[in-house]
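Next comes final39.tsv, with TSV, N, CA and C atoms.
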```tsv
chain	number	residue	atom	x	y	z
H	1	MET	N	47.34	41.40	-69.90
H	1	MET	CA	47.24	41.04	-68.50
H	1	MET	C	48.31	41.79	-67.72
H	2	ILE	N	47.98	42.09	-66.49
H	2	ILE	CA	48.94	42.74	-65.60
H	2	ILE	C	49.08	41.89	-64.35
H	3	VAL	N	50.30	41.53	-64.02
H	3	VAL	CA	50.60	40.82	-62.78
H	3	VAL	C	51.02	41.87	-61.76
H	4	HIS	N	50.28	41.93	-60.66
H	4	HIS	CA	50.61	42.83	-59.55
H	4	HIS	C	51.22	41.97	-58.45
H	5	GLY	N	52.47	42.21	-58.11
H	5	GLY	CA	53.13	41.40	-57.09
H	5	GLY	C	54.51	41.93	-56.76
H	6	LEU	N	55.30	41.08	-56.16
H	6	LEU	CA	56.68	41.42	-55.80
H	6	LEU	C	57.63	40.36	-56.34
H	7	ASP	N	58.82	40.80	-56.75
H	7	ASP	CA	59.83	39.85	-57.23
H	7	ASP	C	60.21	38.83	-56.15
H	8	LEU	N	60.12	39.22	-54.90
H	8	LEU	CA	60.52	38.33	-53.80
H	8	LEU	C	59.44	37.32	-53.42
H	9	SER	N	58.25	37.44	-53.99
H	9	SER	CA	57.14	36.57	-53.65
H	9	SER	C	57.20	35.26	-54.42
H	10	TYR	N	57.21	34.16	-53.69
H	10	TYR	CA	57.19	32.84	-54.31
H	10	TYR	C	55.95	32.71	-55.20
H	11	PHE	N	54.80	33.18	-54.72
H	11	PHE	CA	53.56	33.02	-55.46
H	11	PHE	C	53.53	33.87	-56.73
H	12	THR	N	54.12	35.06	-56.67
H	12	THR	CA	54.23	35.89	-57.86
H	12	THR	C	55.12	35.20	-58.88
H	13	GLY	N	56.23	34.64	-58.42
H	13	GLY	CA	57.13	33.91	-59.31
H	13	GLY	C	56.47	32.70	-59.94
H	14	LYS	N	55.65	32.00	-59.15
H	14	LYS	CA	54.92	30.84	-59.67
H	14	LYS	C	53.98	31.27	-60.79
H	15	LEU	N	53.26	32.37	-60.59
H	15	LEU	CA	52.35	32.86	-61.62
H	15	LEU	C	53.11	33.31	-62.86
H	16	GLU	N	54.20	34.04	-62.68
H	16	GLU	CA	54.97	34.49	-63.84
H	16	GLU	C	55.54	33.30	-64.62
H	17	GLY	N	56.02	32.29	-63.91
H	17	GLY	CA	56.52	31.09	-64.57
H	17	GLY	C	55.44	30.41	-65.38
H	18	TYR	N	54.25	30.31	-64.80
H	18	TYR	CA	53.12	29.71	-65.50
H	18	TYR	C	52.80	30.49	-66.77
H	19	LEU	N	52.70	31.80	-66.66
H	19	LEU	CA	52.37	32.63	-67.82
H	19	LEU	C	53.41	32.49	-68.92
H	20	ARG	N	54.69	32.44	-68.55
H	20	ARG	CA	55.75	32.28	-69.55
H	20	ARG	C	55.64	30.91	-70.23
H	21	LEU	N	55.44	29.85	-69.44
H	21	LEU	CA	55.31	28.50	-70.02
H	21	LEU	C	54.10	28.39	-70.93
H	22	LYS	N	53.03	29.06	-70.56
H	22	LYS	CA	51.80	29.03	-71.33
H	22	LYS	C	51.89	29.92	-72.58
H	23	GLY	N	52.90	30.80	-72.61
H	23	GLY	CA	53.08	31.69	-73.76
H	23	GLY	C	52.13	32.87	-73.75
H	24	LEU	N	51.65	33.26	-72.56
H	24	LEU	CA	50.72	34.38	-72.43
H	24	LEU	C	51.49	35.65	-72.10
H	25	SER	N	51.21	36.71	-72.82
H	25	SER	CA	51.92	37.96	-72.58
H	25	SER	C	51.29	38.68	-71.39
H	26	TYR	N	52.14	39.35	-70.63
H	26	TYR	CA	51.69	40.08	-69.46
H	26	TYR	C	52.68	41.19	-69.16
H	27	ARG	N	52.25	42.12	-68.33
H	27	ARG	CA	53.12	43.18	-67.83
H	27	ARG	C	53.20	43.02	-66.33
H	28	PHE	N	54.41	43.14	-65.78
H	28	PHE	CA	54.61	43.05	-64.33
H	28	PHE	C	54.54	44.45	-63.74
H	29	GLU	N	53.75	44.59	-62.69
H	29	GLU	CA	53.65	45.85	-61.98
H	29	GLU	C	53.95	45.60	-60.51
H	30	PRO	N	55.06	46.13	-60.01
H	30	PRO	CA	55.40	45.91	-58.60
H	30	PRO	C	54.28	46.42	-57.69
H	31	MET	N	53.99	45.65	-56.66
H	31	MET	CA	52.93	46.00	-55.73
H	31	MET	C	53.53	46.69	-54.50
H	32	ASP	N	53.15	47.94	-54.31
H	32	ASP	CA	53.57	48.64	-53.10
H	32	ASP	C	52.45	48.52	-52.06
H	33	THR	N	52.64	49.14	-50.91
H	33	THR	CA	51.64	49.04	-49.84
H	33	THR	C	50.29	49.57	-50.28
H	34	TYR	N	50.28	50.71	-50.97
H	34	TYR	CA	49.02	51.29	-51.44
H	34	TYR	C	48.30	50.33	-52.39
H	35	GLY	N	49.04	49.76	-53.33
H	35	GLY	CA	48.46	48.81	-54.28
H	35	GLY	C	47.94	47.57	-53.58
H	36	PHE	N	48.69	47.09	-52.60
H	36	PHE	CA	48.29	45.92	-51.83
H	36	PHE	C	46.95	46.17	-51.15
H	37	LEU	N	46.81	47.33	-50.52
H	37	LEU	CA	45.57	47.67	-49.82
H	37	LEU	C	44.42	47.92	-50.80
H	38	THR	N	44.69	48.68	-51.85
H	38	THR	CA	43.66	49.03	-52.82
H	38	THR	C	43.14	47.80	-53.57
H	39	LEU	N	44.05	46.99	-54.09
H	39	LEU	CA	43.63	45.78	-54.82
H	39	LEU	C	42.94	44.81	-53.87
H	40	GLY	N	43.44	44.71	-52.66
H	40	GLY	CA	42.81	43.85	-51.66
H	40	GLY	C	41.39	44.26	-51.37
H	41	ASP	N	41.16	45.56	-51.29
H	41	ASP	CA	39.80	46.06	-51.05
H	41	ASP	C	38.88	45.73	-52.23
H	42	ARG	N	39.41	45.81	-53.44
H	42	ARG	CA	38.60	45.51	-54.63
H	42	ARG	C	38.21	44.04	-54.71
H	43	VAL	N	39.14	43.16	-54.32
H	43	VAL	CA	38.91	41.73	-54.44
H	43	VAL	C	38.26	41.15	-53.18
H	44	GLY	N	38.55	41.78	-52.05
H	44	GLY	CA	37.99	41.28	-50.80
H	44	GLY	C	38.97	40.51	-49.95
H	45	VAL	N	40.20	40.39	-50.43
H	45	VAL	CA	41.25	39.71	-49.66
H	45	VAL	C	42.59	40.35	-49.99
H	46	ARG	N	43.38	40.57	-48.98
H	46	ARG	CA	44.69	41.20	-49.19
H	46	ARG	C	45.76	40.12	-49.26
H	47	GLN	N	46.16	39.84	-50.47
H	47	GLN	CA	47.22	38.87	-50.73
H	47	GLN	C	47.83	39.19	-52.08
H	48	MET	N	48.86	38.48	-52.45
H	48	MET	CA	49.45	38.66	-53.76
H	48	MET	C	49.81	37.31	-54.32
H	49	PRO	N	49.91	37.22	-55.61
H	49	PRO	CA	49.74	38.26	-56.61
H	49	PRO	C	48.26	38.47	-56.95
H	50	HIS	N	48.03	39.55	-57.68
H	50	HIS	CA	46.74	39.83	-58.29
H	50	HIS	C	47.00	39.84	-59.80
H	51	LEU	N	46.00	39.48	-60.56
H	51	LEU	CA	46.11	39.50	-62.01
H	51	LEU	C	44.93	40.29	-62.57
H	52	THR	N	45.25	41.33	-63.32
H	52	THR	CA	44.20	42.08	-64.02
H	52	THR	C	44.12	41.53	-65.43
H	53	LEU	N	42.93	41.05	-65.80
H	53	LEU	CA	42.72	40.51	-67.14
H	53	LEU	C	42.42	41.65	-68.12
H	54	ALA	N	42.48	41.35	-69.40
H	54	ALA	CA	42.26	42.36	-70.44
H	54	ALA	C	40.89	43.01	-70.33
H	55	ASP	N	39.91	42.27	-69.82
H	55	ASP	CA	38.55	42.83	-69.70
H	55	ASP	C	38.35	43.60	-68.39
H	56	GLY	N	39.43	43.74	-67.60
H	56	GLY	CA	39.36	44.51	-66.37
H	56	GLY	C	39.08	43.70	-65.12
H	57	ARG	N	38.71	42.42	-65.29
H	57	ARG	CA	38.49	41.59	-64.10
H	57	ARG	C	39.78	41.42	-63.33
H	58	LEU	N	39.66	41.31	-62.03
H	58	LEU	CA	40.80	41.18	-61.15
H	58	LEU	C	40.72	39.84	-60.43
H	59	LEU	N	41.77	39.04	-60.55
H	59	LEU	CA	41.82	37.73	-59.90
H	59	LEU	C	42.94	37.71	-58.87
H	60	THR	N	42.79	36.88	-57.85
H	60	THR	CA	43.84	36.69	-56.87
H	60	THR	C	43.86	35.23	-56.45
H	61	ASP	N	44.90	34.83	-55.76
H	61	ASP	CA	45.18	33.44	-55.34
H	61	ASP	C	45.72	32.67	-56.53
H	62	THR	N	46.98	32.33	-56.47
H	62	THR	CA	47.68	31.71	-57.59
H	62	THR	C	46.97	30.48	-58.12
H	63	VAL	N	46.49	29.62	-57.24
H	63	VAL	CA	45.80	28.41	-57.69
H	63	VAL	C	44.54	28.76	-58.47
H	64	GLU	N	43.76	29.70	-57.96
H	64	GLU	CA	42.53	30.11	-58.64
H	64	GLU	C	42.82	30.79	-59.97
H	65	ILE	N	43.89	31.59	-60.00
H	65	ILE	CA	44.27	32.27	-61.25
H	65	ILE	C	44.65	31.23	-62.30
H	66	ILE	N	45.49	30.28	-61.92
H	66	ILE	CA	45.93	29.25	-62.88
H	66	ILE	C	44.75	28.42	-63.34
H	67	ASP	N	43.85	28.05	-62.44
H	67	ASP	CA	42.65	27.29	-62.84
H	67	ASP	C	41.83	28.08	-63.85
H	68	ALA	N	41.63	29.37	-63.60
H	68	ALA	CA	40.84	30.20	-64.51
H	68	ALA	C	41.52	30.31	-65.88
H	69	LEU	N	42.84	30.49	-65.88
H	69	LEU	CA	43.56	30.60	-67.15
H	69	LEU	C	43.58	29.28	-67.91
H	70	GLU	N	43.66	28.16	-67.19
H	70	GLU	CA	43.62	26.85	-67.84
H	70	GLU	C	42.27	26.64	-68.52
H	71	ARG	N	41.20	27.13	-67.92
H	71	ARG	CA	39.87	27.01	-68.54
H	71	ARG	C	39.77	27.93	-69.76
H	72	GLN	N	40.35	29.12	-69.65
H	72	GLN	CA	40.25	30.09	-70.74
H	72	GLN	C	41.18	29.77	-71.91
H	73	TYR	N	42.40	29.34	-71.59
H	73	TYR	CA	43.41	29.05	-72.61
H	73	TYR	C	43.79	27.58	-72.48
H	74	SER	N	42.94	26.70	-72.98
H	74	SER	CA	43.09	25.27	-72.74
H	74	SER	C	44.31	24.64	-73.42
H	75	ALA	N	44.72	25.14	-74.56
H	75	ALA	CA	45.83	24.49	-75.25
H	75	ALA	C	47.06	25.39	-75.24
H	76	PRO	N	48.21	24.89	-74.92
H	76	PRO	CA	48.43	23.56	-74.36
H	76	PRO	C	48.13	23.57	-72.86
H	77	SER	N	47.53	22.50	-72.39
H	77	SER	CA	47.23	22.39	-70.96
H	77	SER	C	48.51	22.06	-70.19
H	78	LEU	N	48.70	22.76	-69.10
H	78	LEU	CA	49.86	22.49	-68.24
H	78	LEU	C	49.45	21.72	-66.98
H	79	THR	N	48.16	21.36	-66.88
H	79	THR	CA	47.66	20.61	-65.74
H	79	THR	C	47.74	19.12	-66.06
H	80	PRO	N	48.40	18.33	-65.21
H	80	PRO	CA	48.48	16.88	-65.45
H	80	PRO	C	47.09	16.25	-65.52
H	81	ASN	N	46.95	15.20	-66.31
H	81	ASN	CA	45.66	14.51	-66.45
H	81	ASN	C	45.27	13.75	-65.19
H	82	ASP	N	46.23	13.17	-64.50
H	82	ASP	CA	45.94	12.41	-63.29
H	82	ASP	C	45.51	13.38	-62.19
H	83	PRO	N	44.34	13.16	-61.56
H	83	PRO	CA	43.84	14.11	-60.55
H	83	PRO	C	44.76	14.28	-59.35
H	84	VAL	N	45.41	13.21	-58.91
H	84	VAL	CA	46.30	13.31	-57.75
H	84	VAL	C	47.53	14.13	-58.12
H	85	THR	N	48.10	13.86	-59.28
H	85	THR	CA	49.26	14.62	-59.74
H	85	THR	C	48.89	16.08	-59.98
H	86	ALA	N	47.71	16.31	-60.51
H	86	ALA	CA	47.24	17.69	-60.75
H	86	ALA	C	47.11	18.45	-59.43
H	87	PHE	N	46.59	17.78	-58.40
H	87	PHE	CA	46.44	18.42	-57.08
H	87	PHE	C	47.80	18.79	-56.52
H	88	ILE	N	48.76	17.91	-56.63
H	88	ILE	CA	50.10	18.15	-56.09
H	88	ILE	C	50.83	19.23	-56.91
H	89	ALA	N	50.58	19.24	-58.23
H	89	ALA	CA	51.26	20.18	-59.11
H	89	ALA	C	50.90	21.63	-58.85
H	90	ILE	N	49.70	21.84	-58.37
H	90	ILE	CA	49.25	23.21	-58.15
H	90	ILE	C	49.75	23.65	-56.81
```
How would this structure read if it were set down as structure tokens?
Amino acid sequence: MIVHGLDLSYFTGKLEGYLRLKGLSYRFEPMDTYGFLTLGDRVGVRQMPHLTLADGRLLTDTVEIIDALERQYSAPSLTPNDPVTAFIAI
């Protein structure tokens, strides 16, 4: 997996923290203006971080990325069982 983002981005940090806690290996790739525009065009929205999966799929929006990874790598789950707590946690 490749995380495209910036060290100064709260959302990039949130994703990196999640990946480390989940024990998933990834490579960090700093996002410059060109990357921001190019990846945004591919996904349809210009925001960060973006995550490139091993199969080449590109995801964006930290909440959506974490939800997708929780479905793909269910154990151990980092999402609380209580729906209200789960909503607040994300």
Between H:Thr33, H:Thr79, H:Gln47, H:Thr62, single out the one closest to Phe11 in chain H, counting only C-alpha atoms.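 Looking at the shortest contact to Phe11 in chain H, the residue is H:Thr62.
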By how many Å are atom N of Ser74 in chain H and CA of Tyr10 in chain H apart? 24.3 Å
Excluding Leu51 in chain H and residues on its chain fewer than 6 positions from it, collect all residues at most 6 Å away from it, counting only N, CA and C atoms, and give them as a VMD selection string. chain H and resid 2 to 4 57 to 60
What is the atom N of Tyr73 in chain H-CA of Pro49 in chain H distance in Å, reported with one decimal?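 Separating atom N of Tyr73 in chain H from CA of Pro49 in chain H is a distance of 18.9 Å.
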Calculate how many Å separate atom C of Ala89 in chain H from atom C of Thr38 in chain H, rounding to one decimal.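 Computing the Euclidean distance for atom C of Ala89 in chain H and atom C of Thr38 in chain H yields 27.8 Å.
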Quick one: 4 Å padding each side, axis-aligned, all listed atoms of range 4-9 of chain H - centre and edge lengths in Å to one decimal, as AutoDock Vina command-line options?
```
--center_x 55.4 --center_y 39.0 --center_z -57.0 --size_x 18.2 --size_y 15.6 --size_z 15.2
```
Every residue with an atom at most 8 Å from (55.8, 43.8, -63.7) (file coordinates; only N, CA and C atoms) is what I'm after, so could you write them as a ChimeraX atom specification? /H:2-5,26-31
Using DSSP on the backbone coordinates, identify all residues within chain H classified as strand (DSSP E); present the result as a list in words.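 Filtering chain H to strand (DSSP E) leaves Ile2, Val3, His4, Gly5, Arg27, Phe28, Glu29, Pro30, His50, Leu51, Thr52, Leu58, Leu59 and Thr60 of chain H.
With only C-alpha atoms as the atoms that count, the minimum distance from Lys22 in chain H to the choices H:Leu69, H:Met48, H:Val63, H:Ala86 is reached by H:Leu69.
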DSSP on the backbone: what in chain H comes out alpha helix (DSSP H), as a PyMOL selection string? chain H and resi 10-22+33-43+62-72+83-89
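Considering only C-alpha atoms, the residue among H:Leu39, H:Leu19, H:Leu53, H:Ile88 positioned nearest to Glu70 in chain H is H:Leu19.
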Which residues are close to Ile66 in chain H, i.e. within 8 Å by all atoms listed in the file, leaving aside same-chain residues fewer than 6 positions away? Reply as a list of chain:residue names. H:Leu15, H:Tyr18, H:Thr60, H:Gln72
Between H:Glu16, H:Gly23, H:Asp55, H:Ser9, which residue has the minimum interatomic distance to Pro76 in chain H, considering only N, CA and C atoms?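 Ranking H:Glu16, H:Gly23, H:Asp55, H:Ser9 by distance to Pro76 in chain H, first place goes to H:Gly23.
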